[in-house]
Amino acid sequence: MGHSHIHGQDHDHHHGSNNKKALKWSFLLISTFMVVEVIGGLMTNSLALLSDAGHMLSDAAALGLSFLALTFGQKKATASKTFGYKRFEILAAFMNGITLVLISLYIFWEAYQRILNPPDVISKGMLIVSVLGLLVNIAAAYILMRGDKDENLNVRSAFLHVLGDMLGSVGAIVAALLIMFFGWGIADPIASIIVAILIIISGWRVTKDSFHILMEGSPGNVDVEKVKGALMKISGVKDVHDLHIWSITSDFPALSCHLVSESGVPYQDLLKTA
């Protein structure tokens, strides 16, 4: 009885350069405006602005970490790290997701305190800063959309950070208008709560997806049973054992299995067909 082992890998490097550029420029844009928003939030006493600035701080860290992850991920494989450093991208995405969840919990707590004791907010200054913030986030989202956000989990997590910021800016604009025209000071913490809900949903999704990859789960777009069935249909294959399909990183699927071949079947030809 003949035996052959298959180890298949497939990786597309086409988007690597675009992803790095997108992350670098969005990082510079977000980091610069984050300082402006912190100052604006303190001057206007707006939780909506300060929470958005806090989210922008996590964005800056996330984008910087994501850029670092892609840079590390392109390092060559070594004898001790046979897949290189590509898994670092997923670790970065996992940390980004957890950061989003923690920030949203902090915003919930701070908003609760402000609902009990609504502070005075300078609505005009709040409106100006939040409109500028929205424009900056739209620009950053556009830059990240030019990267591989649908396939690369790391770029997607950074994109979700920026989307959360964009929604935060919209919430701050609405709250500023309500305070300006109706004197509803409570609109500020309520806008923060709405944003926090959106942030925690995004954070949970990224954390769950990256955790699935870290746990060597099979890719969502691959049906393991169909793969096994296709291998079993190959002429000369008697059985399939130890079939494993997992992801090294979000756009790097890998496969290994043990094929049991019928007697006299040239294993090199069988391997090529498989």
# chains A, B, ... in the order shown; residues from 1 in each chain; ligands from 1

$ closest_atom_pairs --of "segment 25-54 of chain A" --to "segment 160-171 of chain A" --cutoff "10 Å" --atoms "only C-alpha atoms" --output "CSV"
residue,atom,partner,partner_atom,distance
A:Ser26,CA,A:Val162,CA,9.0
A:Ile30,CA,A:Val162,CA,8.6
A:Ala48,CA,A:Gly168,CA,7.3
A:Leu49,CA,A:Ser169,CA,7.6
A:Ser51,CA,A:Gly168,CA,8.1
A:Asp52,CA,A:Gly168,CA,5.6
A:Ala53,CA,A:Asp165,CA,8.4
A:Gly54,CA,A:Asp165,CA,9.5

$ residues_around --residues "Met180 of chain A" --least-positions-apart "5" --cutoff "10 Å" --atoms "only C-alpha atoms" --output "list in words"
Val121, Ile122, Ser123, Lys124, Met126, Leu127, Val174, Ala175 and Gly185 of chain A

$ closest_residue --among "A:Ile190, A:Met43, A:Met232, A:Met145" --to "Glu110 of chain A" --atoms "only C-alpha atoms"
A:Ile190

$ closest_residue --among "A:Arg156, A:Ala140, A:Phe108, A:Asn96" --to "Thr32 of chain A" --atoms "only C-alpha atoms"
A:Ala140

$ closest_residue --among "A:Lys228, A:Phe94, A:Val36, A:Lys20" --to "Phe72 of chain A" --atoms "only C-alpha atoms"
A:Lys20

$ select_by_dssp --residues "segment 14-206 of chain A" --states "helix (DSSP H, G or I)" --output "number ranges by chain"
A: 16-44, 47-73, 88-116, 123-145, 153-182, 187-206

$ write_last_selection --atoms "C-alpha atoms" --output "short mmCIF file (atom, residue, chain, number, x, y, z; two decimals), in the first residue's frame"
data_model
loop_
_atom_site.label_atom_id
_atom_site.label_comp_id
_atom_site.auth_asym_id
_atom_site.auth_seq_id
_atom_site.Cartn_x
_atom_site.Cartn_y
_atom_site.Cartn_z
CA GLY A 16 0.65 43.85 0.35
CA SER A 17 2.09 47.16 -0.84
CA ASN A 18 -1.34 48.85 -1.08
CA ASN A 19 -2.22 47.69 2.43
CA LYS A 20 0.96 49.17 3.90
CA LYS A 21 0.46 52.52 2.14
CA ALA A 22 -3.21 52.69 3.19
CA LEU A 23 -2.35 51.95 6.83
CA LYS A 24 0.55 54.42 6.91
CA TRP A 25 -1.36 57.40 5.50
CA SER A 26 -4.52 56.75 7.50
CA PHE A 27 -2.35 56.44 10.64
CA LEU A 28 -0.76 59.86 10.02
CA LEU A 29 -4.14 61.45 9.30
CA ILE A 30 -5.90 59.99 12.36
CA SER A 31 -2.98 60.68 14.73
CA THR A 32 -2.80 64.35 13.71
CA PHE A 33 -6.51 65.01 14.16
CA MET A 34 -6.68 63.03 17.40
CA VAL A 35 -4.69 65.79 19.12
CA VAL A 36 -7.08 68.41 17.75
CA GLU A 37 -10.11 66.46 18.99
CA VAL A 38 -8.68 65.97 22.50
CA ILE A 39 -8.09 69.72 22.80
CA GLY A 40 -11.55 70.43 21.38
CA GLY A 41 -13.21 67.95 23.73
CA LEU A 42 -11.53 69.47 26.79
CA MET A 43 -12.33 73.04 25.74
CA THR A 44 -16.01 72.29 25.00
CA LEU A 47 -18.02 63.56 26.25
CA ALA A 48 -19.06 62.78 22.66
CA LEU A 49 -15.89 64.48 21.42
CA LEU A 50 -13.66 63.05 24.15
CA SER A 51 -14.98 59.51 23.61
CA ASP A 52 -14.44 59.93 19.88
CA ALA A 53 -10.93 61.19 20.62
CA GLY A 54 -10.37 58.14 22.82
CA HIS A 55 -11.51 55.96 19.96
CA MET A 56 -9.19 57.87 17.65
CA LEU A 57 -6.34 57.14 20.05
CA SER A 58 -7.14 53.44 19.77
CA ASP A 59 -7.36 53.93 15.99
CA ALA A 60 -3.90 55.46 15.89
CA ALA A 61 -2.53 52.57 17.95
CA ALA A 62 -4.45 50.03 15.85
CA LEU A 63 -3.30 51.50 12.54
CA GLY A 64 0.30 51.77 13.74
CA LEU A 65 0.18 48.20 15.03
CA SER A 66 -1.42 46.99 11.80
CA PHE A 67 1.28 48.69 9.73
CA LEU A 68 3.91 47.09 11.95
CA ALA A 69 2.17 43.72 11.57
CA LEU A 70 2.26 43.87 7.77
CA THR A 71 5.91 44.92 7.88
CA PHE A 72 6.72 41.99 10.19
CA GLY A 73 4.55 39.68 8.09
CA PHE A 88 1.59 38.55 13.84
CA GLU A 89 -1.09 40.21 11.67
CA ILE A 90 -3.79 38.15 13.41
CA LEU A 91 -2.38 38.89 16.86
CA ALA A 92 -2.58 42.61 16.00
CA ALA A 93 -6.18 42.25 14.79
CA PHE A 94 -7.08 40.33 17.97
CA MET A 95 -5.63 43.09 20.17
CA ASN A 96 -7.45 45.74 18.09
CA GLY A 97 -10.77 43.96 18.67
CA ILE A 98 -10.25 43.69 22.42
CA THR A 99 -9.25 47.37 22.55
CA LEU A 100 -12.52 48.34 20.86
CA VAL A 101 -14.55 46.38 23.41
CA LEU A 102 -12.69 47.92 26.39
CA ILE A 103 -13.06 51.47 25.05
CA SER A 104 -16.79 51.01 24.52
CA LEU A 105 -17.22 49.77 28.12
CA TYR A 106 -15.40 52.88 29.40
CA ILE A 107 -17.67 55.13 27.29
CA PHE A 108 -20.78 53.40 28.75
CA TRP A 109 -19.55 54.11 32.29
CA GLU A 110 -18.67 57.75 31.59
CA ALA A 111 -21.97 58.34 29.78
CA TYR A 112 -23.88 56.90 32.75
CA GLN A 113 -22.16 59.40 35.05
CA ARG A 114 -23.05 62.28 32.72
CA ILE A 115 -26.69 61.23 32.42
CA LEU A 116 -26.95 61.49 36.22
CA SER A 123 -22.16 73.35 21.48
CA LYS A 124 -20.74 75.64 18.77
CA GLY A 125 -17.14 74.53 19.34
CA MET A 126 -18.33 70.93 19.62
CA LEU A 127 -20.07 71.21 16.23
CA ILE A 128 -17.00 72.65 14.48
CA VAL A 129 -14.63 69.98 15.82
CA SER A 130 -17.04 67.09 15.12
CA VAL A 131 -17.59 68.23 11.50
CA LEU A 132 -13.82 68.38 10.98
CA GLY A 133 -13.56 64.94 12.59
CA LEU A 134 -16.14 63.53 10.18
CA LEU A 135 -14.20 64.85 7.17
CA VAL A 136 -10.95 63.36 8.48
CA ASN A 137 -12.58 59.97 9.09
CA ILE A 138 -14.14 59.94 5.62
CA ALA A 139 -10.68 60.59 4.15
CA ALA A 140 -9.10 57.82 6.28
CA ALA A 141 -11.88 55.35 5.37
CA TYR A 142 -11.39 56.14 1.67
CA ILE A 143 -7.65 55.48 1.98
CA LEU A 144 -8.25 52.13 3.74
CA MET A 145 -10.86 51.09 1.15
CA LEU A 153 -8.45 40.81 8.58
CA ASN A 154 -5.88 43.29 9.83
CA VAL A 155 -6.86 46.00 7.33
CA ARG A 156 -10.54 45.23 7.99
CA SER A 157 -10.10 45.71 11.75
CA ALA A 158 -8.42 49.08 11.11
CA PHE A 159 -11.23 50.02 8.69
CA LEU A 160 -13.84 49.16 11.34
CA HIS A 161 -12.01 51.37 13.84
CA VAL A 162 -12.28 54.30 11.41
CA LEU A 163 -15.95 53.53 10.65
CA GLY A 164 -16.65 53.64 14.37
CA ASP A 165 -14.94 57.01 14.51
CA MET A 166 -17.00 58.25 11.59
CA LEU A 167 -20.21 57.27 13.38
CA GLY A 168 -18.86 58.92 16.52
CA SER A 169 -18.41 62.18 14.61
CA VAL A 170 -21.97 61.95 13.24
CA GLY A 171 -23.27 61.36 16.76
CA ALA A 172 -21.32 64.36 18.05
CA ILE A 173 -22.71 66.57 15.25
CA VAL A 174 -26.30 65.55 16.04
CA ALA A 175 -25.73 66.05 19.79
CA ALA A 176 -24.17 69.48 19.20
CA LEU A 177 -27.18 70.58 17.11
CA LEU A 178 -29.65 69.32 19.76
CA ILE A 179 -27.77 71.19 22.50
CA MET A 180 -27.46 74.32 20.35
CA PHE A 181 -31.14 74.57 19.33
CA PHE A 182 -33.00 72.82 22.15
CA ALA A 187 -27.85 64.50 24.06
CA ASP A 188 -24.06 64.45 24.57
CA PRO A 189 -23.89 61.26 26.71
CA ILE A 190 -26.71 59.62 24.71
CA ALA A 191 -24.73 60.12 21.47
CA SER A 192 -21.75 58.52 23.21
CA ILE A 193 -23.81 55.46 24.21
CA ILE A 194 -25.06 54.95 20.63
CA VAL A 195 -21.48 55.12 19.35
CA ALA A 196 -20.29 52.74 22.10
CA ILE A 197 -22.88 50.13 21.02
CA LEU A 198 -21.65 50.32 17.42
CA ILE A 199 -18.03 50.10 18.56
CA ILE A 200 -18.60 47.03 20.75
CA ILE A 201 -20.36 45.18 17.88
CA SER A 202 -17.41 45.87 15.55
CA GLY A 203 -14.91 44.93 18.24
CA TRP A 204 -16.67 41.64 18.97
CA ARG A 205 -16.70 40.65 15.28
CA VAL A 206 -12.99 41.33 14.79
#
